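Chemist: Below you'll find input-v8.txt; it's compact mmCIF, C-alpha atoms.
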```txt
# COMPACT_ATOMS: atom_id res chain seq x y z
CA MET A 1 -24.76 21.20 -19.06
CA ALA A 2 -23.64 18.87 -21.86
CA PRO A 3 -22.20 20.85 -24.74
CA ASP A 4 -20.79 17.89 -26.66
CA GLY A 5 -23.81 15.79 -27.53
CA ASP A 6 -24.82 13.93 -24.43
CA ARG A 7 -21.29 13.83 -23.02
CA PRO A 8 -21.29 15.64 -19.66
CA SER A 9 -18.80 18.28 -18.56
CA LEU A 10 -16.77 18.16 -15.38
CA HIS A 11 -17.65 20.94 -12.96
CA VAL A 12 -15.12 21.77 -10.27
CA ARG A 13 -15.59 24.13 -7.36
CA ALA A 14 -13.35 23.14 -4.49
CA ARG A 15 -11.59 24.59 -1.52
CA VAL A 16 -8.82 22.37 -0.20
CA VAL A 17 -6.80 23.33 2.85
CA ALA A 18 -3.55 21.50 2.12
CA SER A 19 -1.54 23.02 4.96
CA HIS A 20 -1.37 26.09 7.19
CA ALA A 21 0.55 27.83 4.45
CA PHE A 22 -1.47 26.75 1.40
CA ALA A 23 -5.16 26.66 0.59
CA LEU A 24 -6.57 25.89 -2.84
CA ASP A 25 -9.73 27.61 -4.01
CA VAL A 26 -10.61 26.76 -7.59
CA ALA A 27 -13.66 26.89 -9.84
CA PHE A 28 -13.69 25.83 -13.50
CA ASP A 29 -15.53 23.61 -15.96
CA ALA A 30 -13.92 21.02 -18.20
CA PRO A 31 -16.09 20.02 -21.18
CA PRO A 32 -15.27 16.88 -23.22
CA GLY A 33 -11.83 17.33 -24.77
CA VAL A 34 -8.53 18.41 -23.29
CA THR A 35 -8.41 21.20 -20.72
CA VAL A 36 -4.89 22.21 -19.77
CA LEU A 37 -4.40 23.14 -16.13
CA PHE A 38 -1.38 25.39 -16.36
CA GLY A 39 0.68 27.03 -13.66
CA PRO A 40 4.00 27.11 -11.87
CA SER A 41 5.10 24.46 -9.35
CA GLY A 42 3.22 24.76 -6.09
CA SER A 43 0.21 26.50 -7.64
CA GLY A 44 -2.13 23.67 -6.64
CA LYS A 45 -2.46 21.76 -9.94
CA SER A 46 -1.86 18.29 -8.47
CA THR A 47 -4.07 19.06 -5.47
CA THR A 48 -6.86 19.97 -7.88
CA LEU A 49 -6.51 16.62 -9.67
CA ALA A 50 -6.45 14.77 -6.34
CA ALA A 51 -9.69 16.50 -5.32
CA ILE A 52 -11.37 15.56 -8.62
CA ALA A 53 -10.26 11.92 -8.26
CA GLY A 54 -11.38 11.77 -4.62
CA LEU A 55 -7.87 11.24 -3.28
CA THR A 56 -8.11 14.51 -1.34
CA ARG A 57 -11.27 15.62 0.41
CA PRO A 58 -12.08 19.30 -0.11
CA ALA A 59 -13.19 21.38 2.87
CA ALA A 60 -15.93 22.94 0.78
CA GLY A 61 -17.36 22.97 -2.72
CA ARG A 62 -18.94 20.71 -5.30
CA ILE A 63 -17.37 18.43 -7.91
CA ALA A 64 -19.73 16.91 -10.45
CA LEU A 65 -19.75 15.16 -13.79
CA GLY A 66 -22.81 16.63 -15.46
CA ASP A 67 -25.59 16.36 -12.90
CA GLU A 68 -23.90 13.54 -11.01
CA ALA A 69 -22.28 14.92 -7.85
CA TRP A 70 -19.04 13.21 -6.84
CA PHE A 71 -18.47 15.58 -3.97
CA ASP A 72 -20.83 18.06 -2.38
CA ALA A 73 -19.86 19.46 1.01
CA ASP A 74 -23.36 20.87 1.68
CA ALA A 75 -25.19 17.69 0.66
CA ARG A 76 -22.53 15.52 2.38
CA ILE A 77 -21.82 13.59 -0.80
CA ASP A 78 -18.37 12.05 -1.24
CA VAL A 79 -18.30 9.25 -3.82
CA ALA A 80 -15.45 6.76 -3.22
CA VAL A 81 -12.42 6.99 -5.52
CA HIS A 82 -13.04 3.63 -7.19
CA ARG A 83 -16.62 4.51 -8.07
CA ARG A 84 -15.89 7.79 -9.86
CA GLY A 85 -14.65 6.34 -13.13
CA VAL A 86 -11.61 8.59 -13.18
CA ALA A 87 -8.42 7.54 -14.95
CA TYR A 88 -5.40 9.16 -13.35
CA VAL A 89 -1.95 9.16 -14.91
CA PHE A 90 0.39 10.13 -12.09
CA GLN A 91 3.55 12.19 -12.49
CA SER A 92 5.54 9.14 -11.34
CA LEU A 93 3.29 6.96 -13.59
CA ALA A 94 2.79 4.66 -10.56
CA LEU A 95 3.03 1.44 -12.56
CA PHE A 96 2.78 -1.59 -10.26
CA PRO A 97 6.39 -2.85 -10.04
CA HIS A 98 5.39 -6.43 -9.23
CA MET A 99 3.23 -6.83 -12.34
CA THR A 100 4.09 -7.07 -16.03
CA ALA A 101 2.98 -4.38 -18.47
CA ALA A 102 0.02 -6.54 -19.50
CA GLU A 103 -0.96 -7.20 -15.87
CA ASN A 104 -0.76 -3.47 -15.15
CA VAL A 105 -3.16 -2.76 -18.00
CA ALA A 106 -5.44 -5.68 -17.08
CA TYR A 107 -5.78 -4.30 -13.54
CA GLY A 108 -8.17 -1.62 -14.72
CA VAL A 109 -10.17 -3.73 -17.20
CA SER A 110 -13.69 -4.50 -16.00
CA ARG A 111 -13.85 -7.77 -14.14
CA ALA A 112 -17.33 -8.31 -15.53
CA LEU A 113 -15.70 -9.35 -18.83
CA THR A 114 -14.70 -12.94 -19.57
CA PRO A 115 -10.97 -13.72 -19.24
CA GLU A 116 -10.77 -13.96 -23.06
CA ALA A 117 -12.41 -10.56 -23.52
CA ARG A 118 -10.15 -9.04 -20.87
CA GLY A 119 -7.07 -10.45 -22.58
CA GLU A 120 -8.26 -9.17 -25.94
CA ARG A 121 -8.83 -5.70 -24.51
CA VAL A 122 -5.37 -5.62 -22.93
CA ARG A 123 -3.75 -6.68 -26.22
CA ALA A 124 -5.75 -4.06 -28.12
CA LEU A 125 -4.74 -1.27 -25.73
CA LEU A 126 -1.06 -2.23 -25.70
CA GLY A 127 -1.18 -2.44 -29.49
CA ARG A 128 -2.84 0.95 -29.80
CA LEU A 129 -0.11 2.53 -27.68
CA ARG A 130 2.53 0.60 -29.70
CA VAL A 131 3.87 -1.39 -26.71
CA ALA A 132 2.35 -4.83 -27.45
CA HIS A 133 5.85 -6.31 -27.67
CA LEU A 134 6.52 -5.26 -24.05
CA SER A 135 3.53 -7.05 -22.52
CA THR A 136 5.59 -9.48 -20.41
CA ARG A 137 8.10 -6.89 -19.20
CA ARG A 138 8.15 -5.45 -15.67
CA PRO A 139 8.05 -1.63 -15.33
CA ALA A 140 11.64 -1.49 -14.00
CA THR A 141 12.89 -2.76 -17.37
CA LEU A 142 10.98 -0.19 -19.47
CA SER A 143 12.37 3.08 -20.79
CA GLY A 144 10.68 6.35 -19.79
CA GLY A 145 8.70 6.55 -23.02
CA GLU A 146 7.66 2.89 -22.88
CA ALA A 147 6.52 3.22 -19.27
CA GLN A 148 4.55 6.34 -20.18
CA ARG A 149 2.74 4.44 -22.95
CA VAL A 150 1.94 1.51 -20.63
CA ALA A 151 0.63 3.95 -17.99
CA LEU A 152 -1.64 5.57 -20.55
CA ALA A 153 -2.87 2.17 -21.78
CA ARG A 154 -3.64 1.24 -18.17
CA ALA A 155 -5.56 4.46 -17.60
CA LEU A 156 -7.62 3.97 -20.76
CA ALA A 157 -8.37 0.33 -19.83
CA THR A 158 -10.94 1.47 -17.29
CA GLU A 159 -13.09 3.11 -19.98
CA PRO A 160 -12.90 6.30 -17.93
CA ARG A 161 -15.51 9.03 -17.76
CA VAL A 162 -12.85 11.60 -16.90
CA VAL A 163 -9.08 11.43 -17.52
CA LEU A 164 -6.58 13.26 -15.32
CA LEU A 165 -2.91 13.53 -16.31
CA ASP A 166 -0.38 14.99 -13.91
CA GLU A 167 2.68 16.09 -15.92
CA PRO A 168 3.17 12.55 -17.28
CA LEU A 169 5.78 13.66 -19.83
CA ASN A 170 7.95 15.43 -17.28
CA ALA A 171 10.60 12.75 -16.93
CA LEU A 172 11.16 12.43 -20.69
CA ASP A 173 13.69 14.20 -22.88
CA ARG A 174 12.57 16.99 -25.18
CA SER A 175 12.28 15.09 -28.46
CA LEU A 176 10.46 12.13 -26.93
CA ARG A 177 8.16 14.53 -25.11
CA ARG A 178 7.22 16.19 -28.39
CA GLU A 179 6.62 12.83 -30.09
CA LEU A 180 4.48 11.50 -27.24
CA ALA A 181 2.53 14.73 -26.87
CA GLY A 182 1.26 14.26 -30.42
CA GLU A 183 0.26 10.64 -29.78
CA LEU A 184 -1.34 11.60 -26.51
CA ARG A 185 -3.41 14.31 -28.16
CA GLU A 186 -4.72 11.81 -30.68
CA ALA A 187 -5.47 9.12 -28.08
CA LEU A 188 -7.18 11.52 -25.71
CA GLY A 189 -9.13 13.28 -28.45
CA GLN A 190 -10.80 10.01 -29.46
CA LEU A 191 -12.17 9.46 -25.96
CA GLY A 192 -14.79 12.20 -26.04
CA VAL A 193 -14.65 12.68 -22.26
CA PRO A 194 -13.30 15.56 -20.16
CA VAL A 195 -9.52 15.34 -19.91
CA VAL A 196 -7.63 17.55 -17.45
CA PHE A 197 -3.94 17.76 -18.35
CA VAL A 198 -1.65 19.36 -15.80
CA THR A 199 1.58 20.96 -16.98
CA HIS A 200 3.89 23.87 -16.28
CA GLN A 201 5.44 23.75 -19.75
CA SER A 202 3.91 26.11 -22.30
CA GLU A 203 5.13 23.98 -25.24
CA GLU A 204 3.29 20.97 -23.85
CA ALA A 205 0.17 23.04 -23.19
CA ARG A 206 0.10 24.22 -26.81
CA ALA A 207 0.73 20.73 -28.16
CA LEU A 208 -2.01 19.05 -26.17
CA GLY A 209 -4.70 21.38 -25.19
CA GLU A 210 -7.69 23.24 -26.44
CA ARG A 211 -8.90 25.04 -23.35
CA LEU A 212 -6.62 26.61 -20.79
CA VAL A 213 -7.14 27.17 -17.08
CA VAL A 214 -4.30 29.07 -15.43
CA LEU A 215 -3.67 28.44 -11.75
CA GLU A 216 -1.57 30.67 -9.56
CA ALA A 217 -1.07 30.33 -5.79
CA GLY A 218 -4.16 28.16 -5.48
CA ARG A 219 -6.49 30.43 -7.50
CA VAL A 220 -7.74 30.36 -11.09
CA THR A 221 -6.35 33.53 -12.67
CA HIS A 222 -7.30 32.97 -16.31
CA VAL A 223 -9.63 30.81 -18.38
CA GLY A 224 -9.22 30.81 -22.16
CA THR A 225 -7.56 28.85 -24.96
CA VAL A 226 -4.03 27.46 -25.11
CA ARG A 227 -3.11 30.35 -27.42
CA ASP A 228 -3.17 32.50 -24.28
CA VAL A 229 -0.48 30.38 -22.65
CA ASP A 230 2.39 32.75 -23.40
CA ASP A 231 0.63 35.48 -21.45
CA ALA A 232 0.35 33.20 -18.41
CA PRO A 233 2.83 33.50 -15.53
CA MET B 234 22.85 -34.25 22.91
CA ASP B 235 19.26 -34.61 24.10
CA LEU B 236 17.30 -33.46 21.07
CA ALA B 237 13.89 -33.40 22.77
CA PRO B 238 14.17 -29.79 24.08
CA LEU B 239 15.34 -28.60 20.66
CA ALA B 240 12.50 -30.44 18.91
CA LEU B 241 10.02 -28.93 21.36
CA SER B 242 11.51 -25.47 20.81
CA LEU B 243 11.12 -25.84 17.04
CA GLN B 244 7.53 -27.06 17.45
CA VAL B 245 6.68 -24.17 19.79
CA ALA B 246 8.44 -21.64 17.57
CA VAL B 247 6.54 -22.74 14.45
CA LEU B 248 3.17 -22.52 16.22
CA ALA B 249 4.07 -19.24 17.97
CA THR B 250 5.18 -17.72 14.66
CA LEU B 251 1.86 -18.77 13.14
CA VAL B 252 -0.09 -17.14 15.98
CA ALA B 253 2.09 -14.01 15.91
CA ALA B 254 1.73 -13.86 12.10
CA ILE B 255 -2.05 -13.88 12.20
CA ALA B 256 -2.38 -11.46 15.14
CA GLY B 257 0.67 -9.35 14.25
CA VAL B 258 0.04 -8.86 10.52
CA GLY B 259 -3.64 -8.17 11.33
CA LEU B 260 -2.68 -5.50 13.86
CA ALA B 261 -0.02 -4.06 11.55
CA THR B 262 -2.60 -3.80 8.75
CA LEU B 263 -5.03 -2.03 11.07
CA LEU B 264 -2.36 0.41 12.27
CA ALA B 265 -0.97 1.06 8.79
CA THR B 266 -4.22 1.57 6.93
CA ALA B 267 -6.92 2.79 9.35
CA ARG B 268 -7.42 5.87 11.47
CA PHE B 269 -9.51 5.18 14.57
CA PRO B 270 -9.77 6.39 18.17
CA GLY B 271 -7.35 4.58 20.44
CA ARG B 272 -4.94 3.77 17.56
CA ASP B 273 -1.94 5.04 19.51
CA LEU B 274 -2.97 2.96 22.53
CA VAL B 275 -3.20 -0.20 20.38
CA ASP B 276 0.27 0.61 19.01
CA VAL B 277 1.71 1.01 22.53
CA LEU B 278 0.07 -2.20 23.80
CA ALA B 279 1.29 -4.20 20.80
CA THR B 280 4.83 -2.90 21.32
CA ALA B 281 4.89 -3.22 25.12
CA PRO B 282 6.17 -6.84 25.19
CA MET B 283 9.37 -5.51 23.61
CA VAL B 284 10.19 -3.34 26.61
CA LEU B 285 8.48 -5.04 29.56
CA PRO B 286 10.58 -7.46 31.64
CA PRO B 287 9.71 -11.07 30.65
CA THR B 288 8.76 -11.83 34.25
CA VAL B 289 6.23 -9.01 34.24
CA LEU B 290 4.72 -10.28 30.99
CA GLY B 291 4.70 -13.80 32.35
CA TYR B 292 2.95 -12.61 35.48
CA TYR B 293 0.20 -10.90 33.49
CA LEU B 294 -0.30 -14.00 31.36
CA LEU B 295 -0.45 -16.22 34.45
CA VAL B 296 -3.09 -13.96 35.98
CA ALA B 297 -5.08 -13.71 32.75
CA LEU B 298 -4.83 -17.33 31.60
CA GLY B 299 -4.47 -19.27 34.88
CA ARG B 300 -6.86 -22.05 35.86
CA HIS B 301 -8.83 -19.64 38.04
CA ALA B 302 -9.08 -16.89 35.42
CA ALA B 303 -12.12 -16.66 33.16
CA LEU B 304 -10.08 -17.05 29.96
CA GLY B 305 -8.12 -19.99 31.34
CA ARG B 306 -11.30 -21.72 32.54
CA ALA B 307 -13.03 -21.14 29.18
CA PHE B 308 -10.06 -22.59 27.27
CA GLU B 309 -9.93 -25.64 29.54
CA ALA B 310 -13.69 -26.19 29.19
CA VAL B 311 -13.45 -26.17 25.37
CA PHE B 312 -10.14 -27.97 24.77
CA GLY B 313 -9.89 -30.10 27.93
CA THR B 314 -6.42 -28.84 28.81
CA PRO B 315 -5.29 -25.82 30.82
CA ILE B 316 -3.04 -23.19 29.23
CA VAL B 317 -0.54 -22.63 32.01
CA PHE B 318 2.24 -25.16 32.58
CA THR B 319 1.47 -26.94 29.31
CA ARG B 320 2.84 -26.71 25.76
CA VAL B 321 -0.06 -24.41 24.91
CA GLY B 322 1.30 -22.02 27.55
CA ALA B 323 4.75 -22.24 25.94
CA VAL B 324 3.23 -21.31 22.56
CA VAL B 325 1.28 -18.41 24.11
CA ALA B 326 4.42 -17.17 25.88
CA ALA B 327 6.54 -17.28 22.73
CA SER B 328 3.77 -15.67 20.66
CA VAL B 329 3.48 -12.71 23.02
CA GLY B 330 7.26 -12.24 22.97
CA ALA B 331 7.32 -12.34 19.15
CA LEU B 332 4.23 -10.19 18.53
CA PRO B 333 5.88 -6.73 18.70
CA LEU B 334 8.53 -7.77 16.15
CA VAL B 335 5.83 -8.78 13.68
CA VAL B 336 3.67 -5.69 14.33
CA LYS B 337 6.53 -3.18 14.12
CA SER B 338 8.30 -4.66 11.09
CA SER B 339 5.14 -5.53 9.14
CA ARG B 340 3.68 -2.09 9.78
CA ALA B 341 6.90 -0.46 8.55
CA ALA B 342 6.84 -2.68 5.45
CA LEU B 343 3.20 -1.82 4.70
CA GLU B 344 3.73 1.90 5.30
CA GLY B 345 6.87 1.78 3.16
CA VAL B 346 4.85 0.95 0.04
CA ASP B 347 4.57 4.05 -2.17
CA ALA B 348 1.13 5.52 -1.37
CA THR B 349 0.76 6.59 -5.01
CA LEU B 350 0.64 2.92 -6.06
CA VAL B 351 -2.30 2.28 -3.74
CA GLN B 352 -3.98 5.46 -4.99
CA ALA B 353 -3.40 4.30 -8.58
CA ALA B 354 -5.12 1.00 -7.77
CA ARG B 355 -8.09 2.92 -6.33
CA THR B 356 -8.44 5.08 -9.44
CA LEU B 357 -8.37 1.88 -11.53
CA GLY B 358 -11.57 0.78 -9.83
CA ALA B 359 -10.20 -1.22 -6.88
CA ALA B 360 -12.09 -1.00 -3.59
CA PRO B 361 -9.79 -0.45 -0.57
CA ALA B 362 -9.64 -4.19 0.24
CA ARG B 363 -8.66 -5.15 -3.33
CA ALA B 364 -6.03 -2.40 -3.49
CA PHE B 365 -4.58 -3.71 -0.23
CA VAL B 366 -4.54 -7.38 -1.22
CA THR B 367 -3.28 -6.92 -4.79
CA VAL B 368 -0.87 -3.99 -4.40
CA GLN B 369 0.09 -3.02 -0.84
CA LEU B 370 0.40 -6.53 0.63
CA PRO B 371 2.47 -8.10 -2.21
CA LEU B 372 4.83 -5.11 -2.25
CA ALA B 373 5.29 -5.39 1.53
CA ALA B 374 5.62 -9.19 1.42
CA ARG B 375 9.40 -9.38 1.76
CA GLY B 376 9.35 -7.11 4.81
CA ILE B 377 6.56 -9.15 6.35
CA VAL B 378 8.35 -12.45 5.71
CA ALA B 379 11.51 -10.97 7.25
CA SER B 380 9.49 -9.99 10.34
CA LEU B 381 8.16 -13.55 10.61
CA MET B 382 11.68 -14.95 10.43
CA LEU B 383 12.70 -12.65 13.29
CA ALA B 384 9.60 -13.75 15.20
CA PHE B 385 10.59 -17.38 14.67
CA ALA B 386 14.09 -16.71 15.99
CA ARG B 387 12.68 -14.82 18.98
CA SER B 388 10.22 -17.66 19.73
CA LEU B 389 12.94 -20.27 19.47
CA GLY B 390 14.99 -18.60 22.18
CA ASP B 391 12.33 -17.40 24.60
CA PHE B 392 13.22 -18.02 28.24
CA GLY B 393 11.60 -15.72 30.79
CA ILE B 394 7.99 -15.64 29.65
CA THR B 395 8.02 -19.39 28.93
CA LEU B 396 9.42 -20.18 32.38
CA MET B 397 6.68 -18.09 34.05
CA VAL B 398 3.76 -19.40 31.99
CA ALA B 399 4.75 -22.95 31.04
CA GLY B 400 7.29 -23.84 33.71
CA ASP B 401 10.31 -26.07 33.09
CA ILE B 402 8.86 -29.57 32.87
CA PRO B 403 11.28 -31.98 31.10
CA GLY B 404 9.59 -33.70 28.17
CA GLU B 405 6.59 -31.41 28.40
CA THR B 406 7.55 -27.71 28.47
CA GLN B 407 11.32 -27.75 28.71
CA THR B 408 12.45 -25.88 25.62
CA ALA B 409 16.07 -25.57 24.43
CA SER B 410 16.72 -22.33 26.35
CA LEU B 411 15.38 -23.87 29.56
CA ALA B 412 17.40 -27.07 28.97
CA LEU B 413 20.53 -24.94 28.56
CA TYR B 414 19.81 -23.19 31.86
CA ASP B 415 19.25 -26.51 33.61
CA ALA B 416 22.49 -27.93 32.13
CA ILE B 417 24.43 -24.99 33.59
CA GLN B 418 22.72 -25.42 36.97
CA GLU B 419 23.67 -29.09 36.96
CA HIS B 420 27.27 -28.47 35.75
CA ARG B 421 26.74 -30.37 32.48
CA GLU B 422 29.06 -28.04 30.60
CA ALA B 423 29.27 -30.13 27.38
CA ALA B 424 25.50 -30.33 27.04
CA ALA B 425 25.21 -26.59 27.72
CA LEU B 426 27.81 -25.81 25.05
CA GLU B 427 26.10 -28.04 22.46
CA MET B 428 22.73 -26.42 23.11
CA ALA B 429 24.20 -22.91 23.08
CA LEU B 430 26.04 -23.50 19.79
CA THR B 431 22.97 -25.05 18.16
CA LEU B 432 20.73 -22.13 19.17
CA THR B 433 23.40 -19.66 18.04
CA ALA B 434 23.74 -21.36 14.64
CA VAL B 435 19.98 -21.30 14.06
CA ALA B 436 19.74 -17.64 15.13
CA ILE B 437 22.63 -16.55 12.89
CA ALA B 438 21.24 -18.50 9.93
CA ILE B 439 17.90 -16.74 10.37
CA LEU B 440 19.51 -13.30 10.71
CA TYR B 441 21.50 -13.96 7.53
CA GLY B 442 18.30 -14.92 5.72
CA VAL B 443 16.51 -11.79 6.98
CA GLY B 444 19.44 -9.66 5.85
CA LYS B 445 19.29 -11.16 2.35
CA LEU B 446 15.53 -10.69 2.14
CA THR B 447 15.53 -7.07 3.30
CA ALA B 448 18.45 -6.20 1.01
CA ARG B 449 16.55 -7.59 -1.99
CA SER B 450 13.45 -5.75 -0.81
CA ALA B 451 15.39 -2.46 -0.57
CA ARG B 452 16.64 -2.97 -4.13
CA GLY B 453 13.02 -3.49 -5.17
CA ALA B 454 13.78 -6.90 -6.65
```
Using the file provided, produce a representation of the structure as structure tokens.
Modeler:
Amino acid sequence: MAPDGDRPSLHVRARVVASHAFALDVAFDAPPGVTVLFGPSGSGKSTTLAAIAGLTRPAAGRIALGDEAWFDADARIDVAVHRRGVAYVFQSLALFPHMTAAENVAYGVSRALTPEARGERVRALLGRLRVAHLSTRRPATLSGGEAQRVALARALATEPRVVLLDEPLNALDRSLRRELAGELREALGQLGVPVVFVTHQSEEARALGERLVVLEAGRVTHVGTVRDVDDAP
Amino acid sequence: MDLAPLALSLQVAVLATLVAAIAGVGLATLLATARFPGRDLVDVLATAPMVLPPTVLGYYLLVALGRHAALGRAFEAVFGTPIVFTRVGAVVAASVGALPLVVKSSRAALEGVDATLVQAARTLGAAPARAFVTVQLPLAARGIVASLMLAFARSLGDFGITLMVAGDIPGETQTASLALYDAIQEHREAAALEMALTLTAVAIAILYGVGKLTARSARGA
């Protein structure tokens, strides 16, 4: 159940009926480390992340972190989004436009901490992602790469138990994407929690991942390592 | 120019906007964020004052809040004054007329906030109420303020509902619109013109302000 010391794996079995035309039916495990969810547009990658985070309610299945069920259709368990401990980096990044970079990051920091400790944690995260100098800037004034770094700092601020990334590098140009992929791999690797990284770019999959889950038309068609990515559709 | 009706109109409009803000933003929040049985009915009832003739609305309010109605009696027992044919009635009348503007515009502003931002707040550990107060509400604020400005303008100029519920008592319930009507009836053309121009200036100033606010909101400023 917990291959990496006592760090639990994420277990996903979910059927989501998104529309009359599309139903997702996936089953895979994500142990601590990066699992790349790879597939073409419309294959159900984002819907899978939404189900894990609790933003979409599956019609059937079970989603659990180790032995802790977050969703279980049979047992009628459906843990609320904010209690799952999931950090989600959205494709659009979804930075709060009315808050500064520092306020965005502070939003996810535990409110149990003292204001000083919260401030220290925000500064440390912004520094780690090399955007400390942007702390007072609003998202609208940030470049794509800067916004991506702030979004990642915000996601990590929650001390997540699972990290979900939905094509966060998509909007960036090729060279910046390559540079950030390396940084991302390092930052995510240090966490020691299951990370599910969604992409449809094989270069990104190879740069970031270890394990590979290939999704096609709402079904898992291959589970292996990122070296298999060139054989994927 | 007799400023008393204008002063009364301003007083009534401020109070009516306050009432419409509390009830209207509350209803808009419910309609924008919750799914419940009868939601469509609540939406229709909140919008109805926009399309019903003012006399019909006034009639319903008279029946519901009159001195022989349970609500009217209860209010009089607690506050020592009846609702109908008093300033309270004028505030109620203007509030009901303004309510749909607040509900419709505030709901649109709340629903116009990118749902992903609210979802992001939830994944960052915010319970639904915190996500609403810290993300959805501030991002909809300009739209809500614009709706309150429209409500104020609507309250300032109410005629039909006020006449039915509060009457046209000089010095007590005679608002600017009613004073203008009386001036016309009594062939006091100069007074009517002054009142009409004043009300028009206030209305246009408010519309200009709303336009500025919504334009800035659309630019995401």
Chemist: Using all atoms listed in the file, which residues of chain B come within 12 Å of chain A, and what is the closest atom pair for each, with the distance in Å to one decimal? Give it as a Markdown table, sorted by chain and residue number.
Modeler:
```
| residue | atom | partner | partner_atom | distance |
| --- | --- | --- | --- | --- |
| B:Val346 | CA | A:Phe96 | CA | 10.8 |
| B:Asp347 | CA | A:Ala94 | CA | 8.6 |
| B:Ala348 | CA | A:Ala94 | CA | 9.4 |
| B:Thr349 | CA | A:Ala94 | CA | 6.2 |
| B:Leu350 | CA | A:Ala94 | CA | 5.3 |
| B:Val351 | CA | A:Ala94 | CA | 8.8 |
| B:Gln352 | CA | A:Leu55 | CA | 7.2 |
| B:Ala353 | CA | A:Ala94 | CA | 6.5 |
| B:Ala354 | CA | A:Tyr107 | CA | 7.9 |
| B:Arg355 | CA | A:His82 | CA | 5.1 |
| B:Thr356 | CA | A:His82 | CA | 5.3 |
| B:Leu357 | CA | A:Gly108 | CA | 4.7 |
| B:Gly358 | CA | A:His82 | CA | 4.2 |
| B:Ala359 | CA | A:His82 | CA | 5.6 |
| B:Ala360 | CA | A:His82 | CA | 5.9 |
| B:Pro361 | CA | A:His82 | CA | 8.4 |
| B:Ala362 | CA | A:His82 | CA | 11.3 |
| B:Arg363 | CA | A:His82 | CA | 10.5 |
| B:Ala364 | CA | A:His82 | CA | 10.0 |
| B:Thr367 | CA | A:Tyr107 | CA | 9.5 |
| B:Val368 | CA | A:Phe96 | CA | 7.3 |
| B:Gln369 | CA | A:Phe96 | CA | 9.9 |
| B:Leu370 | CA | A:His98 | CA | 11.1 |
| B:Pro371 | CA | A:His98 | CA | 7.8 |
| B:Leu372 | CA | A:His98 | CA | 7.1 |
| B:Ala373 | CA | A:His98 | CA | 10.8 |
| B:Ala374 | CA | A:His98 | CA | 11.0 |
| B:Ser450 | CA | A:His98 | CA | 11.7 |
| B:Arg452 | CA | A:Ala140 | CA | 11.2 |
| B:Gly453 | CA | A:Pro97 | CA | 8.3 |
| B:Ala454 | CA | A:His98 | CA | 8.8 |
```
Chemist: Would you save the residues of that selection, restricted to C-alpha atoms, as a short mmCIF file (atom, residue, chain, number, x, y, z; two decimals), in the frame of the given file?
Modeler:
```cif
data_model
loop_
_atom_site.label_atom_id
_atom_site.label_comp_id
_atom_site.auth_asym_id
_atom_site.auth_seq_id
_atom_site.Cartn_x
_atom_site.Cartn_y
_atom_site.Cartn_z
CA VAL B 346 4.85 0.95 0.04
CA ASP B 347 4.57 4.05 -2.17
CA ALA B 348 1.13 5.52 -1.37
CA THR B 349 0.76 6.59 -5.01
CA LEU B 350 0.64 2.92 -6.06
CA VAL B 351 -2.30 2.28 -3.74
CA GLN B 352 -3.98 5.46 -4.99
CA ALA B 353 -3.40 4.30 -8.58
CA ALA B 354 -5.12 1.00 -7.77
CA ARG B 355 -8.09 2.92 -6.33
CA THR B 356 -8.44 5.08 -9.44
CA LEU B 357 -8.37 1.88 -11.53
CA GLY B 358 -11.57 0.78 -9.83
CA ALA B 359 -10.20 -1.22 -6.88
CA ALA B 360 -12.09 -1.00 -3.59
CA PRO B 361 -9.79 -0.45 -0.57
CA ALA B 362 -9.64 -4.19 0.24
CA ARG B 363 -8.66 -5.15 -3.33
CA ALA B 364 -6.03 -2.40 -3.49
CA THR B 367 -3.28 -6.92 -4.79
CA VAL B 368 -0.87 -3.99 -4.40
CA GLN B 369 0.09 -3.02 -0.84
CA LEU B 370 0.40 -6.53 0.63
CA PRO B 371 2.47 -8.10 -2.21
CA LEU B 372 4.83 -5.11 -2.25
CA ALA B 373 5.29 -5.39 1.53
CA ALA B 374 5.62 -9.19 1.42
CA SER B 450 13.45 -5.75 -0.81
CA ARG B 452 16.64 -2.97 -4.13
CA GLY B 453 13.02 -3.49 -5.17
CA ALA B 454 13.78 -6.90 -6.65
#
```
Chemist: Which neighbours of Pro238 of chain B fall inside 10 Å, counting only C-alpha atoms, when residues of the same chain fewer than 6 positions from it are skipped, and could you give them as a ChimeraX atom specification?
Modeler: /B:244,403-413,428
Chemist: Report the distance between atom CA of Ser388 of chain B and atom CA of Val245 of chain B in Å, rounded to one decimal place.
Modeler: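 Distance reported for this atom pair: 7.4 Å.
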Chemist: Would you mind listing what lies within 10 Å of Gly209 of chain A as a ChimeraX atom specification, with only C-alpha atoms counted and same-chain residues fewer than 6 positions away left out?
Modeler: /A:33-37,181,185,189,195-197,225-227
Chemist: Please compute the atom CA of Leu334 of chain B-atom CA of Leu389 of chain B distance, one decimal, in Å.
Modeler: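 Interatomic distance here is 13.7 Å.
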Chemist: Using only C-alpha atoms, find the one residue out of B:Leu278, B:Val321, B:Val289, B:Leu332 that sits nearest to Val258 of chain B.
Modeler: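 Smallest distance to Val258 of chain B is found for B:Leu332.
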Chemist: Using Å and a single decimal, report how far atom CA of Leu152 of chain A sits from atom CA of Leu129 of chain A.
Modeler: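 Separation of atom CA of Leu129 of chain A and atom CA of Leu152 of chain A: 7.9 Å.
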Chemist: Can you work out which one of B:Val366, B:Ala386, B:Ala425, B:Ala399 has the shortest atom-to-atom distance to Ala438 of chain B, counting all atoms listed in the file?
Modeler: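 That would be B:Ala386, the residue with the smallest distance to Ala438 of chain B.
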